[in-house]
>>> print(open('model_23.txt').read())   # compact mmCIF, C-alpha atoms
# COMPACT_ATOMS: atom_id res chain seq x y z
CA MET Q 1 -31.31 53.92 18.11
CA LYS Q 2 -35.05 53.85 18.82
CA PHE Q 3 -36.77 50.48 18.49
CA VAL Q 4 -39.86 48.55 19.59
CA GLU Q 5 -40.60 44.86 19.89
CA SER Q 6 -43.89 43.43 18.66
CA THR Q 7 -45.52 40.04 18.29
CA GLY Q 8 -48.03 38.74 15.78
CA LYS Q 9 -49.18 35.65 13.98
CA SER Q 10 -46.79 36.59 11.17
CA VAL Q 11 -43.92 38.97 10.52
CA GLU Q 12 -46.26 41.18 8.51
CA GLU Q 13 -48.73 41.47 11.36
CA ALA Q 14 -46.03 42.19 13.95
CA LEU Q 15 -44.47 44.73 11.63
CA ARG Q 16 -47.80 46.47 11.07
CA LEU Q 17 -48.30 46.81 14.82
CA SER Q 18 -44.78 48.25 15.21
CA LEU Q 19 -45.37 50.84 12.50
CA ILE Q 20 -48.57 51.96 14.25
CA GLU Q 21 -46.75 52.25 17.59
CA LEU Q 22 -43.83 54.18 16.07
CA GLY Q 23 -46.03 56.31 13.86
CA VAL Q 24 -43.82 55.86 10.79
CA SER Q 25 -44.04 54.33 7.32
CA ARG Q 26 -42.50 51.03 6.23
CA ASP Q 27 -39.57 52.61 4.40
CA ALA Q 28 -38.47 54.36 7.60
CA VAL Q 29 -37.63 51.14 9.46
CA ASP Q 30 -35.58 47.99 9.48
CA TYR Q 31 -36.40 44.90 11.53
CA GLU Q 32 -35.01 41.63 12.80
CA VAL Q 33 -36.85 38.46 13.79
CA ILE Q 34 -36.24 37.56 17.43
CA GLU Q 35 -38.46 34.48 17.62
CA GLU Q 36 -39.92 32.53 14.74
CA GLY Q 37 -43.64 31.79 15.04
CA ALA Q 38 -45.14 28.31 14.91
CA LYS Q 39 -48.63 27.18 13.90
CA GLY Q 40 -48.68 24.28 16.34
CA PHE Q 41 -50.72 21.10 15.95
CA LEU Q 42 -54.46 20.95 16.52
CA GLY Q 43 -54.29 24.26 18.32
CA PHE Q 44 -51.51 23.18 20.66
CA GLY Q 45 -47.98 24.64 20.71
CA ALA Q 46 -48.86 27.66 18.59
CA LYS Q 47 -46.41 30.54 19.03
CA ASP Q 48 -46.45 34.10 17.75
CA THR Q 49 -43.62 35.68 15.80
CA LYS Q 50 -41.62 38.30 17.69
CA ILE Q 51 -39.65 41.03 15.92
CA ARG Q 52 -37.58 44.06 16.85
CA VAL Q 53 -38.17 47.11 14.65
CA PHE Q 54 -35.63 49.93 14.34
CA ILE Q 55 -36.14 53.43 13.01
CA LYS Q 56 -33.50 54.07 10.36
CA GLU Q 57 -31.09 56.88 11.10
CA ASN Q 58 -31.11 59.45 8.31
CA ALA Q 59 -28.24 61.70 7.28
CA VAL Q 60 -29.66 64.76 9.03
CA ASP Q 61 -30.03 62.96 12.36
CA LYS Q 62 -26.57 61.43 12.13
CA ALA Q 63 -24.96 64.76 11.32
CA VAL Q 64 -26.74 66.73 14.05
CA GLN Q 65 -26.10 64.09 16.71
CA PHE Q 66 -22.41 63.84 15.84
CA LEU Q 67 -21.88 67.61 15.64
CA SER Q 68 -23.78 68.18 18.90
CA LYS Q 69 -21.51 65.69 20.64
CA VAL Q 70 -18.37 67.39 19.27
CA LEU Q 71 -19.56 70.85 20.31
CA ASN Q 72 -20.44 69.56 23.76
CA GLU Q 73 -16.93 68.12 24.14
CA MET Q 74 -15.55 71.53 23.15
CA ASN Q 75 -17.84 73.28 25.67
CA ILE Q 76 -19.37 75.35 22.88
CA GLU Q 77 -23.06 76.19 22.86
CA ALA Q 78 -24.57 76.54 19.41
CA SER Q 79 -27.85 75.96 17.64
CA ILE Q 80 -27.67 73.59 14.69
CA THR Q 81 -29.93 73.51 11.66
CA ALA Q 82 -29.59 70.92 8.93
CA GLU Q 83 -31.39 70.48 5.63
CA MET Q 84 -31.22 67.67 3.09
CA ASN Q 85 -31.65 68.57 -0.59
CA GLU Q 86 -31.37 65.55 -2.88
CA ASP Q 87 -27.75 64.38 -2.44
CA SER Q 88 -26.53 67.43 -0.50
CA LEU Q 89 -26.66 68.10 3.23
CA SER Q 90 -26.35 71.72 4.40
CA ILE Q 91 -25.61 72.40 8.07
CA ALA Q 92 -25.46 75.79 9.77
CA MET Q 93 -24.34 76.68 13.30
CA GLU Q 94 -25.18 79.79 15.32
CA GLY Q 95 -23.62 80.83 18.59
CA GLU Q 96 -21.19 83.14 20.37
CA ASP Q 97 -17.92 81.23 19.89
CA MET Q 98 -18.11 80.58 16.16
CA ALA Q 99 -14.65 82.03 15.43
CA ILE Q 100 -13.20 79.02 17.26
CA LEU Q 101 -15.11 76.69 14.97
CA ILE Q 102 -13.99 78.51 11.84
CA GLY Q 103 -10.29 78.51 12.69
CA LYS Q 104 -7.48 79.92 10.58
CA ARG Q 105 -8.69 80.26 6.97
CA GLY Q 106 -11.58 77.94 7.82
CA GLN Q 107 -9.36 74.95 8.65
CA THR Q 108 -11.34 73.92 11.75
CA LEU Q 109 -14.62 74.29 9.87
CA ASP Q 110 -13.24 72.18 7.01
CA SER Q 111 -12.06 69.49 9.44
CA LEU Q 112 -15.48 69.30 11.10
CA GLN Q 113 -17.13 69.15 7.70
CA TYR Q 114 -14.86 66.28 6.67
CA LEU Q 115 -15.63 64.31 9.87
CA ILE Q 116 -19.37 64.80 9.43
CA SER Q 117 -19.05 63.61 5.83
CA LEU Q 118 -17.38 60.41 7.04
CA VAL Q 119 -20.17 59.83 9.55
CA VAL Q 120 -23.13 60.36 7.21
CA ASN Q 121 -21.57 58.43 4.32
CA LYS Q 122 -20.61 55.36 6.33
CA ASP Q 123 -22.20 52.29 4.72
CA LYS Q 124 -23.96 54.51 2.16
CA GLU Q 125 -24.16 53.46 -1.49
CA GLU Q 126 -24.85 56.97 -2.78
CA TYR Q 127 -22.46 59.72 -1.66
CA ILE Q 128 -23.92 62.68 0.23
CA ARG Q 129 -22.12 66.01 -0.10
CA VAL Q 130 -21.85 67.86 3.20
CA SER Q 131 -21.54 71.63 3.61
CA LEU Q 132 -20.92 73.02 7.10
CA ASP Q 133 -21.10 76.77 7.63
CA THR Q 134 -21.40 79.43 10.31
CA GLU Q 135 -21.75 83.21 10.17
CA ASN Q 136 -21.98 82.90 6.37
CA TYR Q 137 -18.24 82.16 6.31
CA ARG Q 138 -18.36 80.11 3.10
CA MET Q 139 -19.88 82.92 1.05
CA LYS Q 140 -17.54 85.54 2.55
CA ARG Q 141 -14.53 83.33 1.84
CA LYS Q 142 -15.75 82.73 -1.72
CA GLU Q 143 -16.00 86.48 -2.34
CA THR Q 144 -12.53 87.01 -0.83
CA LEU Q 145 -10.99 84.37 -3.07
CA GLU Q 146 -12.73 85.67 -6.19
CA ASN Q 147 -11.43 89.18 -5.48
CA LEU Q 148 -7.96 87.79 -4.87
CA ALA Q 149 -8.08 85.84 -8.12
CA SER Q 150 -9.05 88.98 -10.05
CA LYS Q 151 -6.23 91.05 -8.56
CA LEU Q 152 -3.61 88.35 -9.14
CA ALA Q 153 -4.80 87.77 -12.70
CA TYR Q 154 -4.25 91.47 -13.42
CA LYS Q 155 -0.78 91.21 -11.90
CA VAL Q 156 0.06 88.19 -14.07
CA LYS Q 157 -1.26 89.94 -17.18
CA LYS Q 158 1.02 92.92 -16.55
CA SER Q 159 4.16 91.04 -15.50
CA ARG Q 160 3.77 87.86 -17.61
CA LYS Q 161 5.09 86.02 -14.53
CA ASN Q 162 3.37 83.11 -12.82
CA VAL Q 163 1.80 83.60 -9.40
CA VAL Q 164 1.65 80.63 -7.02
CA LEU Q 165 -1.01 80.82 -4.31
CA GLU Q 166 -0.78 79.33 -0.85
CA PRO Q 167 -1.95 75.70 -0.39
CA MET Q 168 -5.72 75.39 -0.51
CA ASN Q 169 -8.25 72.63 -0.14
CA PRO Q 170 -10.04 71.32 -3.28
CA TYR Q 171 -13.13 73.48 -2.67
CA GLU Q 172 -11.14 76.73 -2.53
CA ARG Q 173 -9.00 75.77 -5.52
CA ARG Q 174 -12.17 75.24 -7.54
CA ILE Q 175 -13.28 78.78 -6.65
CA ILE Q 176 -10.03 80.21 -8.09
CA HIS Q 177 -10.23 78.06 -11.22
CA SER Q 178 -13.87 78.98 -11.78
CA ALA Q 179 -13.27 82.69 -11.21
CA LEU Q 180 -10.60 82.83 -13.92
CA GLN Q 181 -11.78 80.24 -16.43
CA ASN Q 182 -13.13 82.92 -18.77
CA ASN Q 183 -10.30 85.40 -18.28
CA PRO Q 184 -8.97 86.34 -21.74
CA TYR Q 185 -5.32 86.55 -20.65
CA VAL Q 186 -4.57 84.04 -17.90
CA SER Q 187 -5.22 80.40 -17.08
CA THR Q 188 -4.88 78.32 -13.93
CA LYS Q 189 -3.59 74.91 -12.94
CA SER Q 190 -3.01 73.00 -9.73
CA GLU Q 191 0.38 71.66 -8.69
CA GLY Q 192 1.69 69.58 -5.80
CA ASP Q 193 0.23 66.92 -3.57
CA GLU Q 194 -2.42 67.19 -0.88
CA PRO Q 195 -2.55 68.86 1.57
CA TYR Q 196 -0.02 71.24 -0.01
CA ARG Q 197 -1.58 71.42 -3.47
CA LYS Q 198 -1.54 74.98 -4.85
CA VAL Q 199 -3.13 76.95 -7.67
CA VAL Q 200 -0.81 78.51 -10.22
CA ILE Q 201 -2.04 81.49 -12.25
CA TYR Q 202 -0.06 81.92 -15.48
CA TYR Q 203 -0.13 84.11 -18.56
CA ASP Q 204 -1.80 82.21 -21.39
CA TYR Q 205 -0.27 83.38 -24.69
CA LYS Q 206 -2.80 81.43 -26.75
CA LYS Q 207 -5.71 83.15 -25.05
CA SER Q 208 -4.13 86.56 -25.37
CA LYS Q 209 -3.55 86.13 -29.10
CA VAL Q 210 -7.22 85.36 -29.61
CA SER Q 211 -8.25 88.33 -27.47
CA ASN Q 212 -5.94 90.71 -29.30
CA SER Q 213 -6.78 89.49 -32.80
>>> encode(input="model_23.txt", output="structure tokens")
Amino acid sequence: MKFVESTGKSVEEALRLSLIELGVSRDAVDYEVIEEGAKGFLGFGAKDTKIRVFIKENAVDKAVQFLSKVLNEMNIEASITAEMNEDSLSIAMEGEDMAILIGKRGQTLDSLQYLISLVVNKDKEEYIRVSLDTENYRMKRKETLENLASKLAYKVKKSRKNVVLEPMNPYERRIIHSALQNNPYVSTKSEGDEPYRKVVIYYDYKKSKVSNS
């Protein structure tokens, strides 16, 4: 963590000098007093105040530093871009070995995203949502799941039999639920405990009566 030490006749003066040296505004730093100043007596024994000023780590810096360290440990070279938008942090990776980082059905990508979320939200009062992506995997996966939901809904409509999908994480379950929430014949629900919680697509007789009336 970058810091500087400054002295002044008061904390305010020392802090002002530190901000000039760091080239940042007051809300970008924290500080601690190393030595308390003293006015002295008749000009003797006067002592300046000494402080240490730290630049606060923001969510983007924390995320990029952590992810860079993980990729380095995995011997994977990738460029990382991160952008903060209100309470959401979007991170994208580009490189040659991205399939390794995606993993089976995005499990590795989800795990990395979860770890980054833990890092950036440590000691935070307001929760920051983290989205980690590479090669536009999230959008492609969303489209795949929406197509799957449509096909299975048609199957359930024809057979009147429930269809239970494979276990999915909360994000992917929400995609299925959202894709079918306005379907006039079927509804969805989640069953089971994490990490084996599944979406069930079932024929909704109440919906179908309304649609056929």
>>> residues_around(input="model_23.txt", residues="Glu86 (chain Q)", least_positions_apart="6", cutoff="12 Å", atoms="only C-alpha atoms", output="number ranges by chain")
Q: 59, 126-130
>>> closest_atom_pairs(input="model_23.txt", of="region 54-80 of chain Q", to="region 18-24 of chain Q", cutoff="12 Å", atoms="all atoms listed in the file", output="JSON lines")
{"residue": "Q:Phe54", "atom": "CA", "partner": "Q:Ser18", "partner_atom": "CA", "distance": 9.3}
{"residue": "Q:Ile55", "atom": "CA", "partner": "Q:Leu22", "partner_atom": "CA", "distance": 8.3}
{"residue": "Q:Lys56", "atom": "CA", "partner": "Q:Val24", "partner_atom": "CA", "distance": 10.5}
>>> residues_near_point(input="model_23.txt", point="(-0.7, 84.3, -20.6)", cutoff="9 Å", atoms="only C-alpha atoms", output="VMD selection string")
chain Q and resid 156 to 157 160 to 162 184 to 187 201 to 208
>>> closest_residue(input="model_23.txt", among="Q:Ala149, Q:Val200, Q:Ala99, Q:Ile51", to="Ile175 (chain Q)", atoms="all atoms listed in the file")
Q:Ala149
>>> atom_distance(input="model_23.txt", atom1="CA of Phe66 (chain Q)", atom2="CA of Leu115 (chain Q)")
9.0 Å
>>> residues_around(input="model_23.txt", residues="Ala63 (chain Q)", least_positions_apart="5", cutoff="9 Å", atoms="all atoms listed in the file", output="PyMOL selection string")
chain Q and resi 58+68+82+89+91+116-117+119-120
>>> atom_distance(input="model_23.txt", atom1="CA of Thr188 (chain Q)", atom2="CA of Glu172 (chain Q)")
13.1 Å
>>> atom_distance(input="model_23.txt", atom1="CA of Gly95 (chain Q)", atom2="CA of Ala78 (chain Q)")
4.5 Å
>>> axis_aligned_box(input="model_23.txt", around="region 101-104 of chain Q", padding_each_side="3 Å", output="AutoDock Vina command-line options")
--center_x -11.3 --center_y 78.3 --center_z 12.8 --size_x 13.6 --size_y 9.2 --size_z 10.4
>>> closest_residue(input="model_23.txt", among="Q:Arg52, Q:Arg197, Q:Lys142, Q:Lys151", to="Pro167 (chain Q)", atoms="all atoms listed in the file")
Q:Arg197
>>> residues_near_point(input="model_23.txt", point="(-13.1, 78.0, -11.0)", cutoff="12 Å", atoms="all atoms listed in the file", output="PDB file with C-alpha atoms, in the frame of the given file")
ATOM      1  CA  LYS Q 142     -15.750  82.730  -1.720  1.00  0.00           C
ATOM      2  CA  LEU Q 145     -10.990  84.370  -3.070  1.00  0.00           C
ATOM      3  CA  GLU Q 146     -12.730  85.670  -6.190  1.00  0.00           C
ATOM      4  CA  ALA Q 149      -8.080  85.840  -8.120  1.00  0.00           C
ATOM      5  CA  SER Q 150      -9.050  88.980 -10.050  1.00  0.00           C
ATOM      6  CA  PRO Q 170     -10.040  71.320  -3.280  1.00  0.00           C
ATOM      7  CA  TYR Q 171     -13.130  73.480  -2.670  1.00  0.00           C
ATOM      8  CA  GLU Q 172     -11.140  76.730  -2.530  1.00  0.00           C
ATOM      9  CA  ARG Q 173      -9.000  75.770  -5.520  1.00  0.00           C
ATOM     10  CA  ARG Q 174     -12.170  75.240  -7.540  1.00  0.00           C
ATOM     11  CA  ILE Q 175     -13.280  78.780  -6.650  1.00  0.00           C
ATOM     12  CA  ILE Q 176     -10.030  80.210  -8.090  1.00  0.00           C
ATOM     13  CA  HIS Q 177     -10.230  78.060 -11.220  1.00  0.00           C
ATOM     14  CA  SER Q 178     -13.870  78.980 -11.780  1.00  0.00           C
ATOM     15  CA  ALA Q 179     -13.270  82.690 -11.210  1.00  0.00           C
ATOM     16  CA  LEU Q 180     -10.600  82.830 -13.920  1.00  0.00           C
ATOM     17  CA  GLN Q 181     -11.780  80.240 -16.430  1.00  0.00           C
ATOM     18  CA  ASN Q 182     -13.130  82.920 -18.770  1.00  0.00           C
ATOM     19  CA  ASN Q 183     -10.300  85.400 -18.280  1.00  0.00           C
ATOM     20  CA  SER Q 187      -5.220  80.400 -17.080  1.00  0.00           C
ATOM     21  CA  THR Q 188      -4.880  78.320 -13.930  1.00  0.00           C
ATOM     22  CA  LYS Q 189      -3.590  74.910 -12.940  1.00  0.00           C
ATOM     23  CA  SER Q 190      -3.010  73.000  -9.730  1.00  0.00           C
ATOM     24  CA  VAL Q 199      -3.130  76.950  -7.670  1.00  0.00           C
ATOM     25  CA  ILE Q 201      -2.040  81.490 -12.250  1.00  0.00           C
TER      26      ILE Q 201
END
>>> closest_residue(input="model_23.txt", among="Q:Glu57, Q:Val164, Q:Asn72, Q:Ala14", to="Asp123 (chain Q)", atoms="all atoms listed in the file")
Q:Glu57
>>> residues_around(input="model_23.txt", residues="Asp97 (chain Q)", least_positions_apart="2", cutoff="12 Å", atoms="only C-alpha atoms", output="VMD selection string")
chain Q and resid 71 74 to 79 93 to 95 99 to 103 134 to 135
>>> residues_around(input="model_23.txt", residues="Glu36 (chain Q)", least_positions_apart="6", cutoff="8 Å", atoms="only C-alpha atoms", output="ChimeraX atom specification")
/Q:48-50
>>> closest_residue(input="model_23.txt", among="Q:Tyr154, Q:Lys140, Q:Glu32, Q:Asn121", to="Lys62 (chain Q)", atoms="all atoms listed in the file")
Q:Asn121
>>> closest_residue(input="model_23.txt", among="Q:Glu73, Q:Glu166, Q:Glu12, Q:Asp133", to="Gly106 (chain Q)", atoms="all atoms listed in the file")
Q:Asp133
>>> decode(input="model_23.txt", residues="region 1-32 of chain Q", atoms="N, CA and C atoms", output="PDB file, in the first residue's frame")
ATOM      1  N   MET Q   1       0.846  -1.191   0.000  1.00  0.00           N
ATOM      2  CA  MET Q   1       0.000   0.000   0.000  1.00  0.00           C
ATOM      3  C   MET Q   1       0.885   1.247   0.000  1.00  0.00           C
ATOM      4  N   LYS Q   2       0.669   2.154  -0.934  1.00  0.00           N
ATOM      5  CA  LYS Q   2       1.496   3.348  -1.049  1.00  0.00           C
ATOM      6  C   LYS Q   2       1.207   4.317   0.087  1.00  0.00           C
ATOM      7  N   PHE Q   3       2.290   4.896   0.662  1.00  0.00           N
ATOM      8  CA  PHE Q   3       2.089   5.872   1.725  1.00  0.00           C
ATOM      9  C   PHE Q   3       3.260   6.856   1.729  1.00  0.00           C
ATOM     10  N   VAL Q   4       3.044   7.992   2.372  1.00  0.00           N
ATOM     11  CA  VAL Q   4       4.115   8.968   2.591  1.00  0.00           C
ATOM     12  C   VAL Q   4       4.028   9.424   4.036  1.00  0.00           C
ATOM     13  N   GLU Q   5       5.139   9.946   4.538  1.00  0.00           N
ATOM     14  CA  GLU Q   5       5.169  10.509   5.882  1.00  0.00           C
ATOM     15  C   GLU Q   5       5.474  11.995   5.771  1.00  0.00           C
ATOM     16  N   SER Q   6       4.733  12.796   6.509  1.00  0.00           N
ATOM     17  CA  SER Q   6       4.906  14.247   6.455  1.00  0.00           C
ATOM     18  C   SER Q   6       4.857  14.829   7.853  1.00  0.00           C
ATOM     19  N   THR Q   7       5.488  15.996   7.992  1.00  0.00           N
ATOM     20  CA  THR Q   7       5.446  16.703   9.267  1.00  0.00           C
ATOM     21  C   THR Q   7       4.891  18.103   9.055  1.00  0.00           C
ATOM     22  N   GLY Q   8       4.315  18.658  10.116  1.00  0.00           N
ATOM     23  CA  GLY Q   8       3.767  19.998  10.056  1.00  0.00           C
ATOM     24  C   GLY Q   8       3.449  20.484  11.445  1.00  0.00           C
ATOM     25  N   LYS Q   9       3.103  21.730  11.560  1.00  0.00           N
ATOM     26  CA  LYS Q   9       2.785  22.287  12.868  1.00  0.00           C
ATOM     27  C   LYS Q   9       1.472  21.725  13.411  1.00  0.00           C
ATOM     28  N   SER Q  10       0.680  21.138  12.525  1.00  0.00           N
ATOM     29  CA  SER Q  10      -0.586  20.514  12.916  1.00  0.00           C
ATOM     30  C   SER Q  10      -0.849  19.330  11.996  1.00  0.00           C
ATOM     31  N   VAL Q  11      -1.831  18.520  12.369  1.00  0.00           N
ATOM     32  CA  VAL Q  11      -2.208  17.397  11.511  1.00  0.00           C
ATOM     33  C   VAL Q  11      -2.682  17.915  10.166  1.00  0.00           C
ATOM     34  N   GLU Q  12      -3.460  18.990  10.180  1.00  0.00           N
ATOM     35  CA  GLU Q  12      -4.008  19.540   8.946  1.00  0.00           C
ATOM     36  C   GLU Q  12      -2.903  19.983   7.991  1.00  0.00           C
ATOM     37  N   GLU Q  13      -1.877  20.622   8.543  1.00  0.00           N
ATOM     38  CA  GLU Q  13      -0.782  21.079   7.698  1.00  0.00           C
ATOM     39  C   GLU Q  13       0.004  19.902   7.124  1.00  0.00           C
ATOM     40  N   ALA Q  14       0.298  18.909   7.967  1.00  0.00           N
ATOM     41  CA  ALA Q  14       1.026  17.727   7.506  1.00  0.00           C
ATOM     42  C   ALA Q  14       0.218  16.965   6.459  1.00  0.00           C
ATOM     43  N   LEU Q  15      -1.086  16.901   6.684  1.00  0.00           N
ATOM     44  CA  LEU Q  15      -1.953  16.206   5.742  1.00  0.00           C
ATOM     45  C   LEU Q  15      -1.990  16.932   4.403  1.00  0.00           C
ATOM     46  N   ARG Q  16      -2.046  18.245   4.440  1.00  0.00           N
ATOM     47  CA  ARG Q  16      -2.071  19.036   3.213  1.00  0.00           C
ATOM     48  C   ARG Q  16      -0.797  18.808   2.391  1.00  0.00           C
ATOM     49  N   LEU Q  17       0.338  18.746   3.061  1.00  0.00           N
ATOM     50  CA  LEU Q  17       1.597  18.487   2.374  1.00  0.00           C
ATOM     51  C   LEU Q  17       1.622  17.092   1.749  1.00  0.00           C
ATOM     52  N   SER Q  18       1.041  16.118   2.458  1.00  0.00           N
ATOM     53  CA  SER Q  18       0.991  14.742   1.942  1.00  0.00           C
ATOM     54  C   SER Q  18       0.123  14.657   0.698  1.00  0.00           C
ATOM     55  N   LEU Q  19      -1.005  15.354   0.717  1.00  0.00           N
ATOM     56  CA  LEU Q  19      -1.914  15.323  -0.433  1.00  0.00           C
ATOM     57  C   LEU Q  19      -1.253  15.935  -1.666  1.00  0.00           C
ATOM     58  N   ILE Q  20      -0.456  16.984  -1.441  1.00  0.00           N
ATOM     59  CA  ILE Q  20       0.263  17.608  -2.559  1.00  0.00           C
ATOM     60  C   ILE Q  20       1.295  16.634  -3.122  1.00  0.00           C
ATOM     61  N   GLU Q  21       2.018  15.954  -2.220  1.00  0.00           N
ATOM     62  CA  GLU Q  21       3.050  15.009  -2.670  1.00  0.00           C
ATOM     63  C   GLU Q  21       2.441  13.817  -3.410  1.00  0.00           C
ATOM     64  N   LEU Q  22       1.301  13.321  -2.921  1.00  0.00           N
ATOM     65  CA  LEU Q  22       0.657  12.170  -3.548  1.00  0.00           C
ATOM     66  C   LEU Q  22      -0.156  12.549  -4.775  1.00  0.00           C
ATOM     67  N   GLY Q  23      -0.559  13.801  -4.838  1.00  0.00           N
ATOM     68  CA  GLY Q  23      -1.352  14.249  -5.972  1.00  0.00           C
ATOM     69  C   GLY Q  23      -2.771  13.716  -5.958  1.00  0.00           C
ATOM     70  N   VAL Q  24      -3.356  13.585  -4.751  1.00  0.00           N
ATOM     71  CA  VAL Q  24      -4.706  13.055  -4.618  1.00  0.00           C
ATOM     72  C   VAL Q  24      -5.545  13.970  -3.744  1.00  0.00           C
ATOM     73  N   SER Q  25      -6.853  13.711  -3.706  1.00  0.00           N
ATOM     74  CA  SER Q  25      -7.758  14.495  -2.876  1.00  0.00           C
ATOM     75  C   SER Q  25      -7.887  13.869  -1.485  1.00  0.00           C
ATOM     76  N   ARG Q  26      -8.493  14.601  -0.575  1.00  0.00           N
ATOM     77  CA  ARG Q  26      -8.598  14.144   0.817  1.00  0.00           C
ATOM     78  C   ARG Q  26      -9.373  12.847   0.951  1.00  0.00           C
ATOM     79  N   ASP Q  27     -10.429  12.663   0.154  1.00  0.00           N
ATOM     80  CA  ASP Q  27     -11.246  11.461   0.306  1.00  0.00           C
ATOM     81  C   ASP Q  27     -10.570  10.206  -0.241  1.00  0.00           C
ATOM     82  N   ALA Q  28      -9.378  10.361  -0.821  1.00  0.00           N
ATOM     83  CA  ALA Q  28      -8.670   9.205  -1.375  1.00  0.00           C
ATOM     84  C   ALA Q  28      -7.663   8.614  -0.398  1.00  0.00           C
ATOM     85  N   VAL Q  29      -7.569   9.212   0.804  1.00  0.00           N
ATOM     86  CA  VAL Q  29      -6.538   8.758   1.744  1.00  0.00           C
ATOM     87  C   VAL Q  29      -7.072   8.521   3.149  1.00  0.00           C
ATOM     88  N   ASP Q  30      -6.304   7.739   3.887  1.00  0.00           N
ATOM     89  CA  ASP Q  30      -6.441   7.610   5.332  1.00  0.00           C
ATOM     90  C   ASP Q  30      -5.093   7.983   5.939  1.00  0.00           C
ATOM     91  N   TYR Q  31      -5.082   8.298   7.245  1.00  0.00           N
ATOM     92  CA  TYR Q  31      -3.791   8.637   7.849  1.00  0.00           C
ATOM     93  C   TYR Q  31      -3.751   8.193   9.313  1.00  0.00           C
ATOM     94  N   GLU Q  32      -2.523   8.106   9.812  1.00  0.00           N
ATOM     95  CA  GLU Q  32      -2.333   7.830  11.228  1.00  0.00           C
ATOM     96  C   GLU Q  32      -1.272   8.772  11.777  1.00  0.00           C
TER      97      GLU Q  32
END
